[in-house]
Amino acid sequence: MTDYNALPEQRQGIIQKMLKETGRVIGVDMARQLGVSEHTIRRDLQVLARKGVCKKVYGGAVSELKQSASFAVRQGQNSAEKERIARHCAQMIGADSCIFIDAGSTYLAMADFIPAGMELTIVTNSPQIAAALSGRKSGELILLGGKVNPQTGSTLGSDTVNQIRNMLFDQAFIGVCGLDPQAGLTAVYYDDACFKKEVIAQSNETIAAATADKMSQVARYKVASCEELDVVVVSNETPTENFRHTSLRIDTVA
């Protein structure tokens with residue numbers, strides 16, 4: 001039987017393999033599997049975190065979320081999955097309501113499924129989504145102003161935040177960079193995280209659309225805990241067992 005206490009490189013290699021396959025490791029489970037102490041595993045995770053392999057969370061670690069591609073590139077990724085999620089999100093919209101739609105390729109796809117005749121006030125910080133909805137004859141369409149971030153495809157900054165503080169939403173469809181049961185909803189960019197927090201604070205119901213590659217991932221900036229979200233919409237190929245102990249309602253679409 002292999003004694004992993006004296007083999008840190010082998011232990012860390014096994015941990016990396018687990019992170020690659022499942023996206024996360026649980027410290028106590030890893031210690032039991034390798035026959036070492038939890039303290040030893042915590043040291044290994046610290047080493048891997050310093051190398052940028054993972055991000056430590058309570059009880060273990062998750063794989064490090066890589067810098068997101070530009071909005072233009074993301075539009076062409078996972079398009080079939082995004083379309084299914086987008087259709088379901090559009091079906092959740094209540095008539096005669098005021099909704100916020102965050103920037104993102106999934107929510108851009110969602111614009112195609114919002115009934116043209118539905119009376120709505122739609123607020124967005126995405127020029128692309130505003131353009132896609134600009135032909136609507138019913139309700140109102142409001143594009144928030146500010147500096148456009150080419151990575152997020154959205155307007156961000158203090159002006160944008162100040163506009164949000166004067167609005168109240170029935171529903172907010174929030175973009176996801178990473179979603180983890182312990183870390184909650186996280187964002188890659190600081191300005192984006194601050195903006196999303198303000199939107200959630202102004203909304204009666206917060207809905208997050210997440211493709212499989214965003215689940216059990218942690219980005220740099222905290223946006224909200226799982227308890228602050230109401231619904232997460234995912235595709236049926238998305239593993240959600242890590243979230244079974246949270247209060248999240250998860251809508252799975254085929």
# chains A, B, ... in the order shown; residues from 1 in each chain; ligands from 1
call {"tool": "select_by_dssp", "arguments": {"residues": "stretch 179-228 of chain A", "states": "strand (DSSP E or B)", "output": "list in words"}}
result
Leu179, Asp180, Gly184, Leu185, Thr186, Ala187, Ser203, Asn204, Glu205, Thr206, Ile207, Ala208, Ala209, Met215, Val218, Tyr221, Lys222, Val223 and Ala224 of chain A
call {"tool": "write_last_selection", "arguments": {"atoms": "C-alpha atoms", "output": "PDB file, in the first residue's frame"}}
result
ATOM      1  CA  LEU A 179     -21.367  29.529  -8.949  1.00  0.00           C
ATOM      2  CA  ASP A 180     -20.266  27.434  -5.986  1.00  0.00           C
ATOM      3  CA  GLY A 184     -21.943  31.549  -4.004  1.00  0.00           C
ATOM      4  CA  LEU A 185     -22.148  33.693  -7.128  1.00  0.00           C
ATOM      5  CA  THR A 186     -18.841  35.268  -8.133  1.00  0.00           C
ATOM      6  CA  ALA A 187     -17.608  37.558 -10.911  1.00  0.00           C
ATOM      7  CA  SER A 203     -34.974  42.985  -7.126  1.00  0.00           C
ATOM      8  CA  ASN A 204     -37.840  40.926  -5.679  1.00  0.00           C
ATOM      9  CA  GLU A 205     -36.624  37.746  -7.398  1.00  0.00           C
ATOM     10  CA  THR A 206     -33.121  36.922  -8.615  1.00  0.00           C
ATOM     11  CA  ILE A 207     -32.662  34.338 -11.365  1.00  0.00           C
ATOM     12  CA  ALA A 208     -29.274  33.104 -12.551  1.00  0.00           C
ATOM     13  CA  ALA A 209     -28.748  31.259 -15.834  1.00  0.00           C
ATOM     14  CA  MET A 215     -21.093  25.471 -11.920  1.00  0.00           C
ATOM     15  CA  VAL A 218     -15.210  30.405  -8.164  1.00  0.00           C
ATOM     16  CA  TYR A 221     -15.054  38.724  -6.591  1.00  0.00           C
ATOM     17  CA  LYS A 222     -18.018  37.736  -4.416  1.00  0.00           C
ATOM     18  CA  VAL A 223     -21.453  38.845  -5.624  1.00  0.00           C
ATOM     19  CA  ALA A 224     -24.002  36.920  -3.549  1.00  0.00           C
TER      20      ALA A 224
END
call {"tool": "residues_around", "arguments": {"residues": "A:Phe100", "least_positions_apart": "4", "cutoff": "9 Å", "atoms": "only C-alpha atoms", "output": "VMD selection string"}}
result
chain A and resid 121 to 125 169 to 174 199 203
call {"tool": "residues_around", "arguments": {"residues": "stretch 151-161 of chain A", "least_positions_apart": "6", "cutoff": "12 Å", "atoms": "only C-alpha atoms", "output": "NGL selection string"}}
result
:A and (67-75 or 101-105 or 107-108 or 123-130 or 142-145 or 167 or 175-177 or 187-202)
call {"tool": "residues_around", "arguments": {"residues": "stretch 242-247 of chain A", "least_positions_apart": "2", "cutoff": "9 Å", "atoms": "only C-alpha atoms", "output": "number ranges by chain"}}
result
A: 180-182, 216, 226-227, 229-230, 239-240, 249-250
call {"tool": "write_last_selection", "arguments": {"atoms": "C-alpha atoms", "output": "short mmCIF file (atom, residue, chain, number, x, y, z; two decimals), in the first residue's frame"}}
result
data_model
loop_
_atom_site.label_atom_id
_atom_site.label_comp_id
_atom_site.auth_asym_id
_atom_site.auth_seq_id
_atom_site.Cartn_x
_atom_site.Cartn_y
_atom_site.Cartn_z
CA ASP A 180 -20.27 27.43 -5.99
CA PRO A 181 -22.30 26.11 -3.02
CA GLN A 182 -19.91 27.68 -0.48
CA SER A 216 -18.84 24.67 -8.92
CA CYS A 226 -26.61 30.97 -2.68
CA GLU A 227 -29.20 32.08 -0.11
CA LEU A 229 -30.45 33.83 -5.13
CA ASP A 230 -33.92 32.48 -5.83
CA PRO A 239 -24.06 18.16 -12.30
CA THR A 240 -25.87 19.81 -9.38
CA ARG A 249 -34.21 26.16 -6.41
CA ILE A 250 -32.59 24.63 -9.48
#
call {"tool": "closest_residue", "arguments": {"among": "A:Gln163, A:Asn5, A:Ser63, A:Gln91", "to": "A:Ser37", "atoms": "only C-alpha atoms"}}
result
A:Asn5
call {"tool": "select_by_dssp", "arguments": {"residues": "stretch 118-185 of chain A", "states": "helix (DSSP H, G or I)", "output": "list in words"}}
result
Pro127, Gln128, Ile129, Ala130, Ala131, Ala132, Ser158, Asp159, Thr160, Val161, Asn162, Gln163 and Ile164 of chain A
call {"tool": "closest_residue", "arguments": {"among": "A:Val62, A:Val47, A:Ala109, A:Val57", "to": "A:Lys17", "atoms": "only C-alpha atoms"}}
result
A:Val62
call {"tool": "residues_around", "arguments": {"residues": "A:Gly135", "least_positions_apart": "4", "cutoff": "12 Å", "atoms": "only C-alpha atoms", "output": "list in words"}}
result
Ala111, Asp112, Ile114, Pro115, Ala116, Gly117, Ile129, Ala130, Ala131, Gly139, Glu140 and Leu141 of chain A
